[in-house]
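One structure is given here, and the rest of the page talks about it.
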Amino acid sequence: MSNDLARKYRVDVSTDGITWVQINGVNDFNPNVANNDQDASAYDTDGWSVSETTMKSWTASVKALVRRTAGVLDAGLALCKATQLVFGDAQRLYVRWYLRDTGKEAVQGRAIVSYNRSKTGVADLDEVTVEFKGDGALATVADVTVTTPVPQLVSATPSGAAAGALVTITGAYFTSVTGAAGVKFGATNATNYSIVSDAVIVATVPTGTAGAADITVTNATGASAALAYTRGS
């Protein structure tokens with residue numbers, strides 16, 4: 001028997017409940033369903049307290065690191081942020097969550113959304129808290145089709161490694177890397193590499209001329225954006 005990981009969920013938002021956008025950078029997620037219980041005790045309950053649930057309410061809290069590509073805010077967070085200064089329907093979004101690996105255990109509802117910064121220290125990464133307050137029922141839905149994103153590259157160390165040296169590549173979505181073309185330095189495949197985890201690959205720099213040899217990683221979905229790298233001599 002294995003233990004579940006807290007990070008097992010993926011969270012999506014939508015304006016219409018049809019077209020969904022993932023919230024990226026999530027580092028904490030806490031959904032909650034609460035009962036409104038009323039005392040139903042009576043003389044004929046033989047001295048025992050009895051309760052009935054007359055209403056239910058639900059909330060979900062998401063903390064996420066703010067990410068931008070070419071200055072553009074992550075699309076999922078952008079949808080949430082758009083509710084920040086408005087009222088009525090414009091302050092509501094559909095939200096769903098499900099197991100990130102299988103798409104199972106999916107639930108969905110519509111909610112009033114609030115969006116606020118949650119870290120403001122000089123050494124902090126920019127983080128926001130998005131609160132979803134249920135506006136109606138939270139219901140189970142059909143399994144969601146899960147597509148693994150293309151790899152995302154963050155760093156490669158050491159810099160300037162020569163052919164035959166080991167380079168540690170960090171990022172995300174590496175575990176589905178397959179085949180000899182999984183890692184490239186420039187146009188050359190790294191035929192020797194080891195997938196340490198979903199976020200770490202150790203690769204041997206292939207033979208080639210010293211100079212620019214941008215790194216790309218490919219998984220079953222596609223290729224990452226190139227990470228600038230200079231091969232040593």
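Going through the structure tokens in order, the chains are called A, B, and so on, while each chain numbers its residues from 1 and the ligands are numbered from 1 in the order shown.
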
Tell me, counting only C-alpha atoms, for each residue of region 32-65 of chain A within 12 Å of region 90-96 of chain A, which pair of atoms is nearest and how far apart they are in Å to one decimal, in rows ordered by chain and increasing number, as JSON lines.
```
{"residue": "A:Trp58", "atom": "CA", "partner": "A:Val95", "partner_atom": "CA", "distance": 11.8}
{"residue": "A:Thr59", "atom": "CA", "partner": "A:Val95", "partner_atom": "CA", "distance": 10.6}
{"residue": "A:Ala60", "atom": "CA", "partner": "A:Val95", "partner_atom": "CA", "distance": 9.2}
{"residue": "A:Ser61", "atom": "CA", "partner": "A:Val95", "partner_atom": "CA", "distance": 11.2}
{"residue": "A:Val62", "atom": "CA", "partner": "A:Val95", "partner_atom": "CA", "distance": 11.1}
```

Problem set entry | All residues 9 Å or closer to Tyr173 (chain A), only C-alpha atoms, same chain fewer than 3 positions away omitted, as number ranges by chain | A: 148-152, 176-177, 197-199, 219

Could you write out the selected residues, including N, CA, C and O atoms, as a compact mmCIF listing (two decimals), in the first residue's frame?
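The result, written out as again.txt:
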```txt
# COMPACT_ATOMS: atom_id res chain seq x y z
N THR A 148 0.24 15.17 -20.83
CA THR A 148 1.47 15.62 -20.19
C THR A 148 2.02 16.83 -20.93
O THR A 148 2.18 16.79 -22.15
N PRO A 149 2.33 17.92 -20.24
CA PRO A 149 2.91 19.07 -20.92
C PRO A 149 4.28 18.73 -21.51
O PRO A 149 4.92 17.76 -21.10
N VAL A 150 4.73 19.53 -22.47
CA VAL A 150 6.09 19.36 -22.97
C VAL A 150 7.05 19.69 -21.83
O VAL A 150 6.69 20.42 -20.90
N PRO A 151 8.28 19.16 -21.88
CA PRO A 151 9.23 19.47 -20.81
C PRO A 151 9.48 20.97 -20.66
O PRO A 151 9.40 21.72 -21.65
N GLN A 152 9.74 21.37 -19.44
CA GLN A 152 10.11 22.75 -19.16
C GLN A 152 11.51 22.74 -18.56
O GLN A 152 11.76 22.02 -17.59
N SER A 176 8.45 11.17 -18.85
CA SER A 176 7.97 10.47 -20.03
C SER A 176 8.96 10.54 -21.19
O SER A 176 8.63 10.18 -22.30
N VAL A 177 10.18 11.03 -20.93
CA VAL A 177 11.19 11.07 -21.98
C VAL A 177 11.49 9.67 -22.47
O VAL A 177 11.74 8.76 -21.69
N SER A 197 14.59 12.01 -11.98
CA SER A 197 13.22 12.24 -11.50
C SER A 197 12.48 13.04 -12.55
O SER A 197 13.03 13.37 -13.61
N ASP A 198 11.25 13.38 -12.25
CA ASP A 198 10.45 14.19 -13.15
C ASP A 198 11.09 15.55 -13.40
O ASP A 198 10.80 16.21 -14.40
N ALA A 199 12.00 15.95 -12.50
CA ALA A 199 12.58 17.30 -12.57
C ALA A 199 14.08 17.31 -12.84
O ALA A 199 14.67 18.39 -12.96
N ASN A 219 9.59 14.80 -24.71
CA ASN A 219 8.81 13.71 -24.12
C ASN A 219 7.74 13.29 -25.11
O ASN A 219 7.76 13.71 -26.28
```

Problem set entry | Secondary structure check, strand (DSSP E or B) residues of region 29-178 of chain A, as JSON, numbers by chain | {"A": [29, 30, 31, 32, 33, 34, 35, 36, 37, 38, 39, 51, 52, 53, 54, 55, 56, 57, 58, 59, 60, 61, 62, 63, 64, 65, 68, 69, 72, 73, 92, 93, 94, 95, 96, 97, 98, 99, 107, 108, 109, 110, 111, 112, 113, 114, 115, 116, 117, 118, 119, 127, 128, 129, 130, 131, 132, 133, 134, 135, 136, 137, 138, 139, 140, 152, 153, 154, 155, 156, 157, 166, 167, 168, 169, 170, 171, 172]}

For this session: Give the helix (DSSP H, G or I) residues of region 60-102 of chain A, as assigned by DSSP on the backbone, as a PyMOL selection string.
Result: chain A and resi 75-81+88-91

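Residues in contact with Gly186 (chain A) at up to 7 Å, not including ones fewer than 3 positions away on its chain and judged by only C-alpha atoms, are Ala213, Asp214 and Ile215 of chain A.
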
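Interatomic distance, CA of Asp89 (chain A) to CA of Thr145 (chain A): 27.7 Å.
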
With only C-alpha atoms as the counted atoms, please give the residues lying no more than 9 Å from Arg67 (chain A), apart from itself and same-chain residues fewer than 5 positions off, as an mmCIF file with N, CA and C atoms, in the first residue's frame.
```
data_model
loop_
_atom_site.group_PDB
_atom_site.id
_atom_site.type_symbol
_atom_site.label_atom_id
_atom_site.label_comp_id
_atom_site.auth_asym_id
_atom_site.auth_seq_id
_atom_site.Cartn_x
_atom_site.Cartn_y
_atom_site.Cartn_z
ATOM 1 N N ASN A 24 -1.024 26.913 -13.402
ATOM 2 C CA ASN A 24 0.338 26.415 -13.227
ATOM 3 C C ASN A 24 0.995 27.045 -12.000
ATOM 4 N N GLY A 25 2.046 26.412 -11.515
ATOM 5 C CA GLY A 25 2.791 26.953 -10.390
ATOM 6 C C GLY A 25 2.151 26.704 -9.035
ATOM 7 N N VAL A 72 3.960 37.802 -20.190
ATOM 8 C CA VAL A 72 2.528 37.497 -20.156
ATOM 9 C C VAL A 72 2.243 36.548 -18.999
ATOM 10 N N LEU A 73 1.281 36.910 -18.154
ATOM 11 C CA LEU A 73 0.919 36.110 -16.995
ATOM 12 C C LEU A 73 0.364 34.760 -17.414
ATOM 13 N N ASP A 74 0.702 33.716 -16.652
ATOM 14 C CA ASP A 74 0.153 32.378 -16.877
ATOM 15 C C ASP A 74 -1.350 32.462 -17.094
ATOM 16 N N LEU A 77 -3.862 31.776 -14.110
ATOM 17 C CA LEU A 77 -3.879 32.851 -13.125
ATOM 18 C C LEU A 77 -4.489 34.123 -13.704
ATOM 19 N N ASP A 126 7.137 35.780 -6.039
ATOM 20 C CA ASP A 126 5.777 36.315 -6.086
ATOM 21 C C ASP A 126 4.788 35.159 -6.044
#
```

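With only C-alpha atoms as the basis for measurement, A:Thr69 is the residue among A:Thr69, A:Ser51, A:Ser14, A:Thr140 that approaches Ala225 (chain A) most closely.
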
Problem set entry | Nearest to Ala137 (chain A) by atom-to-atom distance, counting only C-alpha atoms, from A:Ser114, A:Thr157, A:Ser57, A:Gln84 | A:Ser57

Exercise. Which polymer residues have any atom within 10 Å of an atom of Gly160 (chain A), counting only C-alpha atoms, with same-chain residues fewer than 2 positions away left out, as a ChimeraX atom specification?
Worked result: /A:156-158,162-163,165,167,210-213,229-233

Seminar exercise, completed: note - CA of Asp143 (chain A) and CA of Ala111 (chain A) are separated by 20.6 Å

Distance query Arg7 (chain A) at most 8 Å, only C-alpha atoms, self and fewer than 5 positions along chain excluded, as a PDB file with C-alpha atoms, in the first residue's frame:
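Ended up saving to part.pdb:
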```
ATOM      1  CA  ASN A  27       2.315  24.885  -4.458  1.00  0.00           C
ATOM      2  CA  ASP A  28      -0.643  24.401  -2.115  1.00  0.00           C
ATOM      3  CA  PHE A  29      -4.227  23.281  -2.713  1.00  0.00           C
TER       4      PHE A  29
END
```

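From CA of Ala75 (chain A) back to CA of Gln22 (chain A), the distance works out to 7.7 Å.
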